[in-house]
Structure formats: C-alpha cells, structure tokens
>>> print(open('run.cif').read())   # mmCIF, C-alpha atoms and all ligand atoms
data_target
loop_
_atom_site.group_PDB
_atom_site.id
_atom_site.type_symbol
_atom_site.label_atom_id
_atom_site.label_comp_id
_atom_site.auth_asym_id
_atom_site.auth_seq_id
_atom_site.Cartn_x
_atom_site.Cartn_y
_atom_site.Cartn_z
ATOM 1 C CA MET A 141 8.377 -25.173 -25.304
ATOM 2 C CA LEU A 142 11.526 -23.716 -23.718
ATOM 3 C CA LEU A 143 11.699 -20.136 -22.473
ATOM 4 C CA SER A 144 13.533 -17.557 -24.562
ATOM 5 C CA GLU A 145 16.536 -15.957 -22.905
ATOM 6 C CA VAL A 146 15.446 -13.395 -20.298
ATOM 7 C CA GLY A 147 17.144 -11.250 -17.651
ATOM 8 C CA TYR A 148 16.355 -11.876 -13.993
ATOM 9 C CA ALA A 149 16.402 -9.609 -10.955
ATOM 10 C CA ARG A 150 15.537 -10.529 -7.377
ATOM 11 C CA PRO A 151 15.242 -7.239 -5.476
ATOM 12 C CA ALA A 152 15.151 -7.262 -1.675
ATOM 13 C CA THR A 153 12.899 -4.225 -1.255
ATOM 14 C CA LEU A 154 9.888 -2.654 -2.925
ATOM 15 C CA GLU A 155 11.964 0.435 -3.734
ATOM 16 C CA GLN A 156 14.579 -1.672 -5.534
ATOM 17 C CA ALA A 157 11.880 -3.510 -7.498
ATOM 18 C CA LEU A 158 10.332 -0.225 -8.654
ATOM 19 C CA GLY A 159 13.848 0.940 -9.581
ATOM 20 C CA VAL A 160 14.449 -2.075 -11.843
ATOM 21 C CA LEU A 161 11.025 -1.591 -13.489
ATOM 22 C CA ALA A 162 11.892 2.074 -14.107
ATOM 23 C CA ASP A 163 15.337 1.210 -15.541
ATOM 24 C CA TYR A 164 14.026 -1.512 -17.880
ATOM 25 C CA PRO A 165 10.734 -0.548 -19.575
ATOM 26 C CA GLY A 166 10.522 -4.117 -20.956
ATOM 27 C CA ALA A 167 10.711 -5.649 -17.467
ATOM 28 C CA ARG A 168 7.772 -7.501 -15.919
ATOM 29 C CA ALA A 169 6.956 -8.503 -12.340
ATOM 30 C CA LEU A 170 7.199 -12.230 -11.603
ATOM 31 C CA ALA A 171 5.003 -13.501 -8.761
ATOM 32 C CA GLY A 172 4.106 -17.233 -8.758
ATOM 33 C CA GLY A 173 4.828 -17.538 -12.479
ATOM 34 C CA GLN A 174 1.760 -19.756 -12.964
ATOM 35 C CA THR A 175 0.396 -17.505 -15.700
ATOM 36 C CA LEU A 176 3.399 -15.451 -16.792
ATOM 37 C CA VAL A 177 5.828 -18.311 -17.400
ATOM 38 C CA ASN A 178 3.189 -20.170 -19.404
ATOM 39 C CA VAL A 179 2.457 -17.158 -21.638
ATOM 40 C CA MET A 180 6.228 -16.665 -22.093
ATOM 41 C CA LYS A 181 6.613 -20.303 -23.118
ATOM 42 C CA ALA A 182 3.777 -19.812 -25.602
ATOM 43 C CA ARG A 183 5.638 -16.708 -26.919
ATOM 44 C CA ALA A 184 2.600 -14.557 -26.087
ATOM 45 C CA ALA A 185 4.769 -12.343 -23.829
ATOM 46 C CA ALA A 186 8.491 -11.614 -24.080
ATOM 47 C CA PRO A 187 9.710 -9.445 -21.176
ATOM 48 C CA ASP A 188 13.392 -8.379 -21.224
ATOM 49 C CA VAL A 189 13.781 -8.850 -17.462
ATOM 50 C CA LEU A 190 11.765 -10.761 -14.878
ATOM 51 C CA VAL A 191 11.562 -8.881 -11.591
ATOM 52 C CA ASP A 192 11.036 -11.668 -9.056
ATOM 53 C CA LEU A 193 8.980 -10.324 -6.130
ATOM 54 C CA ALA A 194 9.605 -13.357 -3.893
ATOM 55 C CA ALA A 195 12.205 -11.759 -1.591
ATOM 56 C CA ILE A 196 10.350 -8.511 -0.819
ATOM 57 C CA PRO A 197 9.040 -8.554 2.771
ATOM 58 C CA GLU A 198 6.651 -5.600 2.183
ATOM 59 C CA LEU A 199 4.609 -7.775 -0.209
ATOM 60 C CA LYS A 200 4.094 -10.663 2.211
ATOM 61 C CA GLY A 201 1.936 -11.397 5.200
ATOM 62 C CA ILE A 202 -1.684 -11.316 6.292
ATOM 63 C CA GLU A 203 -2.722 -8.824 8.976
ATOM 64 C CA LEU A 204 -6.030 -8.718 10.799
ATOM 65 C CA GLY A 205 -6.986 -5.348 12.273
ATOM 66 C CA SER A 206 -8.950 -4.994 15.501
ATOM 67 C CA ASP A 207 -12.070 -4.010 13.492
ATOM 68 C CA GLY A 208 -11.835 -7.124 11.271
ATOM 69 C CA THR A 209 -10.141 -5.434 8.312
ATOM 70 C CA LEU A 210 -7.722 -7.778 6.532
ATOM 71 C CA GLU A 211 -4.556 -6.630 4.782
ATOM 72 C CA LEU A 212 -3.278 -9.235 2.354
ATOM 73 C CA GLY A 213 0.196 -8.837 0.855
ATOM 74 C CA ALA A 214 0.233 -9.188 -2.929
ATOM 75 C CA MET A 215 2.679 -12.129 -2.688
ATOM 76 C CA VAL A 216 0.464 -14.207 -0.365
ATOM 77 C CA THR A 217 -0.082 -17.568 -2.050
ATOM 78 C CA TYR A 218 -3.462 -19.293 -2.188
ATOM 79 C CA SER A 219 -2.123 -22.024 0.136
ATOM 80 C CA GLU A 220 -0.922 -19.450 2.686
ATOM 81 C CA LEU A 221 -4.296 -17.764 2.623
ATOM 82 C CA ILE A 222 -6.149 -21.076 3.026
ATOM 83 C CA ALA A 223 -3.965 -21.953 6.060
ATOM 84 C CA SER A 224 -4.076 -18.483 7.653
ATOM 85 C CA ALA A 225 -5.834 -18.134 11.024
ATOM 86 C CA GLU A 226 -6.203 -14.371 10.427
ATOM 87 C CA ALA A 227 -7.890 -14.874 7.044
ATOM 88 C CA ARG A 228 -10.654 -16.908 8.736
ATOM 89 C CA ALA A 229 -12.093 -13.521 9.704
ATOM 90 C CA ARG A 230 -13.462 -13.575 6.143
ATOM 91 C CA PRO A 231 -13.909 -17.332 5.512
ATOM 92 C CA ILE A 232 -14.932 -16.949 1.866
ATOM 93 C CA LEU A 233 -11.328 -15.981 0.982
ATOM 94 C CA GLY A 234 -9.894 -19.383 1.930
ATOM 95 C CA GLU A 235 -12.945 -21.225 0.585
ATOM 96 C CA VAL A 236 -12.549 -19.693 -2.880
ATOM 97 C CA CYS A 237 -8.751 -20.084 -2.977
ATOM 98 C CA ALA A 238 -9.236 -23.793 -2.190
ATOM 99 C CA GLN A 239 -11.259 -24.086 -5.427
ATOM 100 C CA ILE A 240 -8.459 -22.759 -7.649
ATOM 101 C CA ALA A 241 -6.850 -25.395 -9.871
ATOM 102 C CA ASP A 242 -4.659 -27.945 -8.061
ATOM 103 C CA VAL A 243 -2.263 -28.014 -5.119
ATOM 104 C CA GLN A 244 0.784 -27.148 -7.250
ATOM 105 C CA VAL A 245 -0.887 -23.999 -8.599
ATOM 106 C CA ARG A 246 -2.180 -23.115 -5.113
ATOM 107 C CA ASN A 247 1.300 -23.468 -3.607
ATOM 108 C CA ARG A 248 2.907 -21.108 -6.142
ATOM 109 C CA GLY A 249 0.097 -18.812 -7.332
ATOM 110 C CA THR A 250 -0.373 -15.511 -5.511
ATOM 111 C CA ILE A 251 -3.420 -13.359 -4.930
ATOM 112 C CA GLY A 252 -1.570 -10.397 -6.470
ATOM 113 C CA GLY A 253 -0.713 -12.365 -9.602
ATOM 114 C CA ASN A 254 -4.297 -13.569 -9.836
ATOM 115 C CA VAL A 255 -5.785 -10.075 -9.915
ATOM 116 C CA CYS A 256 -2.944 -8.508 -11.946
ATOM 117 C CA SER A 257 -3.515 -11.140 -14.663
ATOM 118 C CA SER A 258 -7.099 -9.828 -14.985
ATOM 119 C CA ASP A 259 -8.051 -13.084 -16.658
ATOM 120 C CA PRO A 260 -11.874 -12.991 -16.924
ATOM 121 C CA THR A 261 -12.073 -16.670 -15.913
ATOM 122 C CA ASN A 262 -10.041 -16.248 -12.700
ATOM 123 C CA HIS A 263 -11.735 -16.722 -9.339
ATOM 124 C CA LEU A 264 -10.461 -13.696 -7.422
ATOM 125 C CA PRO A 265 -11.450 -10.635 -9.513
ATOM 126 C CA PRO A 266 -15.221 -11.062 -8.910
ATOM 127 C CA LEU A 267 -14.599 -12.051 -5.290
ATOM 128 C CA PHE A 268 -12.639 -8.908 -4.416
ATOM 129 C CA VAL A 269 -15.157 -6.747 -6.308
ATOM 130 C CA ALA A 270 -18.099 -8.247 -4.381
ATOM 131 C CA LEU A 271 -16.301 -7.812 -1.046
ATOM 132 C CA GLY A 272 -15.576 -4.147 -1.779
ATOM 133 C CA ALA A 273 -11.800 -4.636 -1.424
ATOM 134 C CA GLU A 274 -9.270 -1.882 -2.078
ATOM 135 C CA LEU A 275 -6.005 -2.462 -3.904
ATOM 136 C CA THR A 276 -2.840 -0.518 -3.131
ATOM 137 C CA VAL A 277 -0.600 0.263 -6.090
ATOM 138 C CA ALA A 278 2.930 1.621 -5.703
ATOM 139 C CA GLY A 279 4.826 3.410 -8.437
ATOM 140 C CA PRO A 280 7.553 5.990 -8.987
ATOM 141 C CA GLY A 281 5.117 8.732 -7.883
ATOM 142 C CA GLY A 282 4.163 7.036 -4.584
ATOM 143 C CA GLU A 283 1.205 4.921 -3.471
ATOM 144 C CA ARG A 284 -2.510 5.054 -4.278
ATOM 145 C CA THR A 285 -5.522 2.903 -3.475
ATOM 146 C CA VAL A 286 -7.973 1.732 -6.090
ATOM 147 C CA PRO A 287 -11.405 0.174 -5.364
ATOM 148 C CA ALA A 288 -11.506 -3.369 -6.786
ATOM 149 C CA GLN A 289 -14.367 -2.386 -9.082
ATOM 150 C CA GLU A 290 -12.085 0.181 -10.769
ATOM 151 C CA PHE A 291 -8.939 -1.974 -10.775
ATOM 152 C CA PHE A 292 -9.982 -4.304 -13.618
ATOM 153 C CA LEU A 293 -9.848 -2.364 -16.885
ATOM 154 C CA GLY A 294 -9.967 -5.143 -19.480
ATOM 155 C CA VAL A 295 -8.656 -8.595 -20.352
ATOM 156 C CA TYR A 296 -5.071 -8.712 -18.968
ATOM 157 C CA LEU A 297 -5.344 -4.973 -18.238
ATOM 158 C CA THR A 298 -5.514 -3.385 -14.775
ATOM 159 C CA ALA A 299 -5.036 -0.061 -13.014
ATOM 160 C CA ALA A 300 -1.508 -1.208 -12.060
ATOM 161 C CA GLY A 301 0.219 0.262 -15.095
ATOM 162 C CA PRO A 302 3.759 -0.151 -16.466
ATOM 163 C CA GLY A 303 6.382 0.540 -13.807
ATOM 164 C CA GLU A 304 3.872 -0.003 -10.972
ATOM 165 C CA LEU A 305 3.322 -2.853 -8.522
ATOM 166 C CA LEU A 306 0.314 -4.016 -6.575
ATOM 167 C CA THR A 307 1.459 -4.159 -2.947
ATOM 168 C CA LYS A 308 -1.578 -5.242 -0.930
ATOM 169 C CA ILE A 309 -5.297 -5.928 -0.973
ATOM 170 C CA THR A 310 -7.424 -4.564 1.874
ATOM 171 C CA VAL A 311 -10.645 -6.410 2.630
ATOM 172 C CA PRO A 312 -13.196 -4.678 4.873
ATOM 173 C CA PRO A 313 -14.846 -6.557 7.767
ATOM 174 C CA GLY A 314 -17.853 -8.774 7.081
ATOM 175 C CA ARG A 315 -18.981 -12.406 7.059
ATOM 176 C CA SER A 316 -22.051 -12.746 4.840
ATOM 177 C CA ASP A 317 -20.384 -13.814 1.607
ATOM 178 C CA GLY A 318 -20.903 -16.472 -1.031
ATOM 179 C CA PHE A 319 -19.292 -17.817 -4.188
ATOM 180 C CA ALA A 320 -20.605 -20.210 -6.816
ATOM 181 C CA SER A 321 -19.294 -21.341 -10.165
ATOM 182 C CA VAL A 322 -19.740 -23.821 -12.962
ATOM 183 C CA PRO A 323 -16.215 -25.031 -13.779
ATOM 184 C CA ILE A 324 -14.902 -27.244 -16.560
ATOM 185 C CA GLY A 325 -14.574 -30.414 -14.493
ATOM 186 C CA VAL A 326 -13.634 -30.503 -10.808
ATOM 187 C CA ASP A 327 -11.344 -27.570 -9.856
ATOM 188 C CA GLY A 328 -11.227 -26.527 -13.513
ATOM 189 C CA THR A 329 -11.375 -23.110 -15.108
ATOM 190 C CA CYS A 330 -14.726 -21.411 -14.551
ATOM 191 C CA ILE A 331 -17.301 -21.218 -17.353
ATOM 192 C CA VAL A 332 -19.207 -18.740 -15.189
ATOM 193 C CA ASN A 333 -18.740 -17.636 -11.585
ATOM 194 C CA ALA A 334 -20.349 -15.233 -9.141
ATOM 195 C CA ALA A 335 -19.375 -13.801 -5.783
ATOM 196 C CA ALA A 336 -21.910 -12.213 -3.434
ATOM 197 C CA SER A 337 -21.740 -10.132 -0.304
ATOM 198 C CA LEU A 338 -24.640 -9.053 1.891
ATOM 199 C CA ASN A 339 -22.638 -6.693 4.057
ATOM 200 C CA GLY A 340 -24.708 -3.552 3.507
ATOM 201 C CA GLY A 341 -27.141 -4.440 0.669
ATOM 202 C CA VAL A 342 -26.924 -7.281 -1.830
ATOM 203 C CA ARG A 343 -23.878 -7.029 -4.067
ATOM 204 C CA VAL A 344 -23.043 -9.619 -6.708
ATOM 205 C CA ALA A 345 -20.036 -9.650 -9.046
ATOM 206 C CA LEU A 346 -20.272 -11.930 -12.086
ATOM 207 C CA GLY A 347 -17.137 -13.419 -13.662
ATOM 208 C CA CYS A 348 -16.504 -14.908 -17.152
ATOM 209 C CA VAL A 349 -19.376 -12.933 -18.727
ATOM 210 C CA GLY A 350 -17.341 -9.924 -19.885
ATOM 211 C CA ALA A 351 -13.801 -8.565 -19.937
ATOM 212 C CA THR A 352 -14.096 -7.474 -16.293
ATOM 213 C CA PRO A 353 -16.398 -8.454 -13.401
ATOM 214 C CA VAL A 354 -19.972 -7.208 -13.826
ATOM 215 C CA VAL A 355 -21.618 -5.835 -10.683
ATOM 216 C CA VAL A 356 -25.322 -6.449 -10.065
ATOM 217 C CA GLU A 357 -27.147 -5.117 -6.993
ATOM 218 C CA PRO A 358 -30.510 -6.896 -6.625
ATOM 219 C CA ALA A 359 -33.093 -5.233 -4.395
ATOM 220 C CA SER A 360 -33.461 -8.397 -2.280
ATOM 221 C CA ARG A 361 -31.754 -11.750 -1.761
ATOM 222 C CA ASP A 362 -34.739 -13.731 -3.045
ATOM 223 C CA ALA A 363 -33.521 -16.107 -5.830
ATOM 224 C CA GLU A 364 -36.062 -14.912 -8.415
ATOM 225 C CA ASN A 365 -35.165 -11.322 -7.692
ATOM 226 C CA VAL A 366 -31.440 -12.058 -8.063
ATOM 227 C CA GLN A 367 -31.976 -13.901 -11.361
ATOM 228 C CA GLY A 368 -34.169 -11.035 -12.591
ATOM 229 C CA ALA A 369 -31.463 -8.495 -11.720
ATOM 230 C CA VAL A 370 -28.895 -10.527 -13.692
ATOM 231 C CA ARG A 371 -31.298 -10.661 -16.676
ATOM 232 C CA ASP A 372 -31.834 -6.888 -16.436
ATOM 233 C CA ALA A 373 -28.055 -6.270 -16.379
ATOM 234 C CA GLY A 374 -28.033 -6.959 -20.136
ATOM 235 C CA ILE A 375 -24.791 -8.963 -20.080
ATOM 236 C CA ASP A 376 -23.386 -10.177 -23.391
ATOM 237 C CA PRO A 377 -21.130 -13.129 -22.483
ATOM 238 C CA PRO A 378 -18.722 -14.681 -24.981
ATOM 239 C CA SER A 379 -19.459 -17.955 -26.781
ATOM 240 C CA ASP A 380 -16.773 -20.617 -26.908
ATOM 241 C CA VAL A 381 -16.313 -24.363 -27.079
ATOM 242 C CA HIS A 382 -17.450 -24.716 -23.440
ATOM 243 C CA ALA A 383 -20.675 -22.686 -23.507
ATOM 244 C CA SER A 384 -22.717 -20.521 -25.841
ATOM 245 C CA SER A 385 -23.399 -16.914 -24.922
ATOM 246 C CA ASP A 386 -27.054 -17.763 -24.122
ATOM 247 C CA TYR A 387 -26.071 -20.665 -21.881
ATOM 248 C CA ARG A 388 -23.515 -18.503 -20.018
ATOM 249 C CA ARG A 389 -26.209 -15.824 -19.560
ATOM 250 C CA HIS A 390 -28.537 -18.442 -18.078
ATOM 251 C CA LEU A 391 -25.782 -19.854 -15.834
ATOM 252 C CA ALA A 392 -24.912 -16.362 -14.608
ATOM 253 C CA GLY A 393 -28.384 -16.046 -13.047
ATOM 254 C CA VAL A 394 -28.117 -19.523 -11.532
ATOM 255 C CA VAL A 395 -24.687 -19.018 -9.917
ATOM 256 C CA ALA A 396 -25.618 -15.501 -8.750
ATOM 257 C CA ALA A 397 -28.646 -16.901 -6.892
ATOM 258 C CA ARG A 398 -26.494 -19.683 -5.375
ATOM 259 C CA ALA A 399 -23.816 -17.215 -4.249
ATOM 260 C CA VAL A 400 -26.447 -14.979 -2.619
ATOM 261 C CA GLU A 401 -28.037 -17.991 -0.920
ATOM 262 C CA GLN A 402 -24.664 -18.981 0.587
ATOM 263 C CA ALA A 403 -24.055 -15.386 1.644
ATOM 264 C CA GLY A 404 -27.448 -15.399 3.394
ATOM 265 C CA GLN A 405 -26.398 -18.374 5.503
ATOM 266 C CA GLY A 406 -23.562 -16.306 6.979
ATOM 267 C CA SER A 407 -25.798 -13.399 8.038
HETATM 268 C C1 LIG B 1 -3.107 -25.333 -14.728
HETATM 269 C C2 LIG B 1 -3.573 -23.994 -14.220
HETATM 270 C C3 LIG B 1 -4.908 -23.834 -13.882
HETATM 271 C C4 LIG B 1 -5.358 -22.613 -13.379
HETATM 272 N N1 LIG B 1 -6.674 -22.481 -13.030
HETATM 273 C C5 LIG B 1 -7.102 -21.334 -12.450
HETATM 274 C C6 LIG B 1 -8.437 -21.193 -11.985
HETATM 275 O O1 LIG B 1 -9.272 -22.082 -12.099
HETATM 276 N N2 LIG B 1 -8.783 -20.018 -11.389
HETATM 277 C C7 LIG B 1 -7.903 -18.994 -11.215
HETATM 278 O O2 LIG B 1 -8.267 -17.971 -10.634
HETATM 279 N N3 LIG B 1 -6.632 -19.098 -11.655
HETATM 280 C C8 LIG B 1 -6.218 -20.223 -12.274
HETATM 281 N N4 LIG B 1 -4.934 -20.333 -12.738
HETATM 282 C C9 LIG B 1 -4.067 -19.136 -12.711
HETATM 283 C C10 LIG B 1 -3.329 -19.098 -11.395
HETATM 284 O O3 LIG B 1 -4.251 -18.793 -10.368
HETATM 285 C C11 LIG B 1 -2.212 -18.065 -11.396
HETATM 286 O O4 LIG B 1 -1.517 -18.305 -10.215
HETATM 287 C C12 LIG B 1 -2.603 -16.607 -11.393
HETATM 288 O O5 LIG B 1 -3.449 -16.260 -12.446
HETATM 289 C C13 LIG B 1 -1.361 -15.739 -11.516
HETATM 290 O O6 LIG B 1 -0.700 -15.686 -10.289
HETATM 291 P P1 LIG B 1 0.857 -15.829 -10.196
HETATM 292 O O7 LIG B 1 1.224 -15.493 -8.792
HETATM 293 O O8 LIG B 1 1.269 -17.148 -10.697
HETATM 294 O O9 LIG B 1 1.339 -14.615 -11.133
HETATM 295 P P2 LIG B 1 2.386 -14.548 -12.330
HETATM 296 O O10 LIG B 1 2.075 -15.584 -13.343
HETATM 297 O O11 LIG B 1 3.771 -14.486 -11.815
HETATM 298 O O12 LIG B 1 2.016 -13.091 -12.902
HETATM 299 C C14 LIG B 1 0.795 -12.877 -13.606
HETATM 300 C C15 LIG B 1 0.782 -11.439 -14.128
HETATM 301 O O13 LIG B 1 0.602 -10.516 -13.036
HETATM 302 C C16 LIG B 1 1.715 -9.597 -12.978
HETATM 303 N N5 LIG B 1 1.977 -9.401 -11.543
HETATM 304 C C17 LIG B 1 2.113 -10.356 -10.602
HETATM 305 N N6 LIG B 1 2.239 -9.811 -9.386
HETATM 306 C C18 LIG B 1 2.182 -8.483 -9.562
HETATM 307 C C19 LIG B 1 2.247 -7.360 -8.667
HETATM 308 N N7 LIG B 1 2.360 -7.521 -7.328
HETATM 309 N N8 LIG B 1 2.137 -6.128 -9.181
HETATM 310 C C20 LIG B 1 1.971 -5.934 -10.528
HETATM 311 N N9 LIG B 1 1.909 -6.953 -11.416
HETATM 312 C C21 LIG B 1 2.006 -8.208 -10.942
HETATM 313 C C22 LIG B 1 2.848 -10.278 -13.740
HETATM 314 O O14 LIG B 1 3.762 -9.337 -14.271
HETATM 315 C C23 LIG B 1 2.065 -11.012 -14.821
HETATM 316 O O15 LIG B 1 1.737 -10.130 -15.861
HETATM 317 C C24 LIG B 1 -4.442 -21.531 -13.241
HETATM 318 C C25 LIG B 1 -3.096 -21.689 -13.593
HETATM 319 C C26 LIG B 1 -2.656 -22.912 -14.087
HETATM 320 C C27 LIG B 1 -1.207 -23.074 -14.434
#
>>> encode(input="run.cif", output="structure tokens", more="lines below")
Ligand SMILES: Cc1cc2nc3c(=O)[nH]c(=O)nc-3n(C[C@H](O)[C@H](O)[C@H](O)COP(=O)(O)OP(=O)(O)OC[C@H]3O[C@@H](n4cnc5c(N)ncnc54)[C@H](O)[C@@H]3O)c2cc1C
Amino acid sequence: MLLSEVGYARPATLEQALGVLADYPGARALAGGQTLVNVMKARAAAPDVLVDLAAIPELKGIELGSDGTLELGAMVTYSELIASAEARARPILGEVCAQIADVQVRNRGTIGGNVCSSDPTNHLPPLFVALGAELTVAGPGGERTVPAQEFFLGVYLTAAGPGELLTKITVPPGRSDGFASVPIGVDGTCIVNAAASLNGGVRVALGCVGATPVVVEPASRDAENVQGAVRDAGIDPPSDVHASSDYRRHLAGVVAARAVEQAGQGS
C-alpha cells in the first residue's frame, strides 16, 4: 500500500528536531523507518510530519569510556553496532543485533527506534533491561535519564513522550551476559526471548511474555533455580497462532536458563 501524503523535515541539530516536534504536535520522529513506515503504510499511524533524525550528529556514534561504559547514540544502526570495535567491550550487544531480522533491516534499523517502538517481541528491550542500561531523553524542558526498566511503559508506549527524543543509551561495564530466544524460523520474530546478566547478582529480563520486559532475579545461576524463579514470577503470556500462553510460559523458563548459562561462560 502507498503512503498517505506526509510532511518531511530533516533537521541538522537536536535543538532543531525538538523545535519541529514542538511546532507540529502531529509530528513523529523517523529513525530507520523499518517499523514506522510499515505502520504508516498499514494506516495504523498517520503522522502529519516525519522528523528524519538521520542528519543529527548528536544522535550518532559509539563511545567507550575508560571504565568500560558504552554510550550508544540513538541513531546507531544494528550493522554499525555489530561492526564497532568499541562495542566489543560488551560483546552481547553485537551478538544480539546480529540475530535481528535480515541484513536490510539491520542496515537501516536503529537501536533507538528498536526501543522506542516498545514492541514486546523486539530483541533489544529485554537486553537493555538485563544489562541495567540508562536511556537519555531530551525534550523542551532539558534532558533526563531513565533506567531501562522504567523506560518501557506498555506496548508501543515508552517514557519518551510526545515532543521528546531518545538521544543515547548508556551501558555500564560488564561481560557476563547471555541471550536466548525461540524465534519463528531462522532470524524471525521471537516467540519468547530472555536476556541475562551476572554482573552483580543474576538478573534476567524476559521478552514476549507481557507488554514490557519482565525482570526475574533468581538466587543462583543453577538452571533449576532459574526455571523455578520464572515459574514463581507468575507471568501471564499472550496466546496467539505461534504459541499458547502455557507453551510461552514453559519456553520462558527454558530460554531464561539458556541465557543465564551463556552469561556464566563469560564470568
Ligand atoms: C521484516 C522485519 C522484521 C523485523 N524483525 C525484528 C526482530 O526480529 N527483532 C527486532 O527487535 N526487531 C525487528 N524488526 C523491527 C526493526 O528492528 C526496526 O528497525 C525497529 O523496531 C525500529 O527501528 P527503526 O530505526 O527502523 O525505527 P522507526 O521505524 O523509524 O521508528 C520506530 C518508532 O520509534 C520512534 N523513534 C525512533 N527513534 C526515536 C528517537 N530517537 N526518539 C524518540 N522516538 C523515536 C518513531 O517515531 C517510531 O514511533 C523487524 C522489522 C522488519 C521490517
């Protein structure tokens, strides 16, 4: 289906982008367009103006601090992150991005767009929650940081509200991370996924089982313990054509244990 007519702005600075969003309440940020353009074609979204973030230098780049902290610009694409020498400080980032869809989507899709979509089946929301990342949001009133666990508010709903932009994602130092999923076919959308981090306790974030990632903190990394903690979390996953709620609940324990096992290999 063809796109409806829509205005287009390509600001050169973050300030200009925030200005356009303030001037046009029906405007929407455009990152890689891999989700937004598709929902516009399906007439599920109809912004008045697309504010293309591609030319804003403040939203680009990957910086590695001397203590191992990574600062990832919101407009970093999956392919850039996979190829980045700096991002190898936290290898799980590139490993998970390499599992997203196909090369076309990875070349255009951005980490900012991925989290701002807050699609429960996306790979990056549970990953950033497990890693304890912080997200920086800029708006007319200035900048604030939001822990990843508080950023995801619901399906397609995040702490970056109307008129605001996600500018960067800060990932603390660490190496003991894991990710596991059951996708629909190779590189397909996840039926269930889990990210784990052992940097200071066992922390697991489950994806596809609720509107937002569900955090589980098992007392130990032992597989039975992890599966027990997922059972005790009382998740109520959706049922659909790909998996029943019960099957998703079962898979959540399985992928959580696998993610923790991988994380244990990095410690
Ligand atoms: C065929 C296909 C398969 C896919 N499979 C997967 C998959 O398996 N796993 C997965 O994780 N993803 C998958 N995706 C989604 C893909 O990863 C998208 O790239 C991602 O969800 C959105 O990123 P984007 O840069 O394209 O954002 P866009 O589509 O441009 O934007 C998405 C939303 O985020 C908002 N937004 C973007 N950037 C910002 C910002 N900086 N500040 C505030 N709001 C912002 C936009 O306004 C829009 O509402 C798939 C996409 C396709 C087309």
>>> residues_near_ligand(input="run.cif", ligand="ligand LIG 1 (chain B)", cutoff="8 Å", atoms="all atoms listed in the file", output="number ranges by chain")
A: 168-178, 193, 199, 214-215, 217, 237, 239-242, 245-246, 248-259, 261-264, 277, 296, 300-301, 304-308, 323, 327-330
>>> resolve_selection(input="run.cif", expression="the PyMOL selection byres (((chain A and resi 375) around 8) and not hetatm)", output="tab-separated table (two decimals) with C-alpha atoms, keeping the file's coordinate frame")
chain	number	residue	atom	x	y	z
A	349	VAL	CA	-19.38	-12.93	-18.73
A	350	GLY	CA	-17.34	-9.92	-19.89
A	370	VAL	CA	-28.90	-10.53	-13.69
A	371	ARG	CA	-31.30	-10.66	-16.68
A	373	ALA	CA	-28.06	-6.27	-16.38
A	374	GLY	CA	-28.03	-6.96	-20.14
A	376	ASP	CA	-23.39	-10.18	-23.39
A	377	PRO	CA	-21.13	-13.13	-22.48
A	389	ARG	CA	-26.21	-15.82	-19.56
>>> resolve_selection(input="run.cif", expression="the PyMOL selection byres (((chain A and resi 279) around 12) and not hetatm)", output="list in words")
Leu154, Glu155, Gln156, Ala157, Leu158, Gly159, Val160, Leu161, Ala162, Thr276, Val277, Ala278, Pro280, Gly281, Gly282, Glu283, Arg284, Thr285, Ala299, Ala300, Gly301, Pro302, Gly303, Glu304, Leu305, Leu306 and Thr307 of chain A
>>> residues_around(input="run.cif", residues="Leu143 (chain A)", least_positions_apart="4", cutoff="10 Å", atoms="only C-alpha atoms", output="number ranges by chain")
A: 177-183, 186
>>> closest_residue(input="run.cif", among="A:Ile324, A:Gln367, A:Gly213, A:Leu142", to="Leu346 (chain A)", atoms="all atoms listed in the file")
A:Gln367
>>> closest_residue(input="run.cif", among="A:Val189, A:Glu357, A:Ala270, A:Ala227", to="Arg150 (chain A)", atoms="all atoms listed in the file")
A:Val189
>>> resolve_selection(input="run.cif", expression="the PyMOL selection byres (((chain A and resi 228) around 12) and not hetatm)", output="VMD selection string")
chain A and resid 202 to 204 208 to 210 220 to 227 229 to 235 313 to 315
>>> closest_residue(input="run.cif", among="A:Gly340, A:Val355, A:Ser316, A:Val311", to="Glu290 (chain A)", atoms="all atoms listed in the file")
A:Val355
>>> atom_distance(input="run.cif", atom1="CA of Gln405 (chain A)", atom2="CA of Tyr387 (chain A)")
27.5 Å
>>> closest_residue(input="run.cif", among="A:Ala403, A:Ala185, A:Leu267, A:Val191", to="Asp163 (chain A)", atoms="all atoms listed in the file")
A:Val191
>>> atom_distance(input="run.cif", atom1="CA of Ile331 (chain A)", atom2="CA of Thr310 (chain A)")
27.3 Å
>>> residues_near_point(input="run.cif", point="(-28.7, -15.9, 2.3)", cutoff="9 Å", atoms="all atoms listed in the file", output="PyMOL selection string")
chain A and resi 316-318+338+361-362+398-407
>>> residues_near_point(input="run.cif", point="(11.3, -11.5, -3.3)", cutoff="8 Å", atoms="all atoms listed in the file", output="PyMOL selection string")
chain A and resi 150-153+192-197
>>> closest_residue(input="run.cif", among="A:Val394, A:Val236, A:Pro312, A:Gly368", to="Asp207 (chain A)", atoms="all atoms listed in the file")
A:Pro312
>>> residues_around(input="run.cif", residues="Ala334 (chain A)", least_positions_apart="6", cutoff="7 Å", atoms="all atoms listed in the file", output="PyMOL selection string")
chain A and resi 266+319-321+344-347+395-396+399
>>> atom_distance(input="run.cif", atom1="CA of Gly341 (chain A)", atom2="CA of Thr298 (chain A)")
26.6 Å
>>> axis_aligned_box(input="run.cif", around="region 361-368 of chain A", padding_each_side="4 Å", output="AutoDock Vina command-line options")
--center_x -33.8 --center_y -13.6 --center_z -7.2 --size_x 12.6 --size_y 13.1 --size_z 18.8
>>> closest_residue(input="run.cif", among="A:Pro358, A:Val332, A:Ser337, A:Arg343", to="Arg388 (chain A)", atoms="all atoms listed in the file")
A:Val332
>>> decode(input="run.cif", residues="region 192-197 of chain A", atoms="N, CA, C and O atoms", output="short mmCIF file (atom, residue, chain, number, x, y, z; two decimals), in the first residue's frame")
data_model
loop_
_atom_site.label_atom_id
_atom_site.label_comp_id
_atom_site.auth_asym_id
_atom_site.auth_seq_id
_atom_site.Cartn_x
_atom_site.Cartn_y
_atom_site.Cartn_z
N ASP A 192 12.98 13.43 10.29
CA ASP A 192 14.06 12.48 9.99
C ASP A 192 15.28 12.82 10.87
O ASP A 192 15.81 13.93 10.80
N LEU A 193 15.72 11.85 11.66
CA LEU A 193 16.82 12.10 12.61
C LEU A 193 18.19 11.78 12.01
O LEU A 193 19.21 11.89 12.69
N ALA A 194 18.22 11.44 10.70
CA ALA A 194 19.45 10.91 10.11
C ALA A 194 20.61 11.89 10.05
O ALA A 194 21.77 11.47 9.98
N ALA A 195 20.33 13.20 10.04
CA ALA A 195 21.42 14.17 9.85
C ALA A 195 21.86 14.84 11.16
O ALA A 195 22.55 15.85 11.14
N ILE A 196 21.47 14.27 12.28
CA ILE A 196 21.78 14.91 13.58
C ILE A 196 23.00 14.26 14.21
O ILE A 196 22.92 13.12 14.72
N PRO A 197 24.14 14.94 14.23
CA PRO A 197 25.37 14.30 14.72
C PRO A 197 25.28 13.87 16.18
O PRO A 197 25.85 12.84 16.56
#
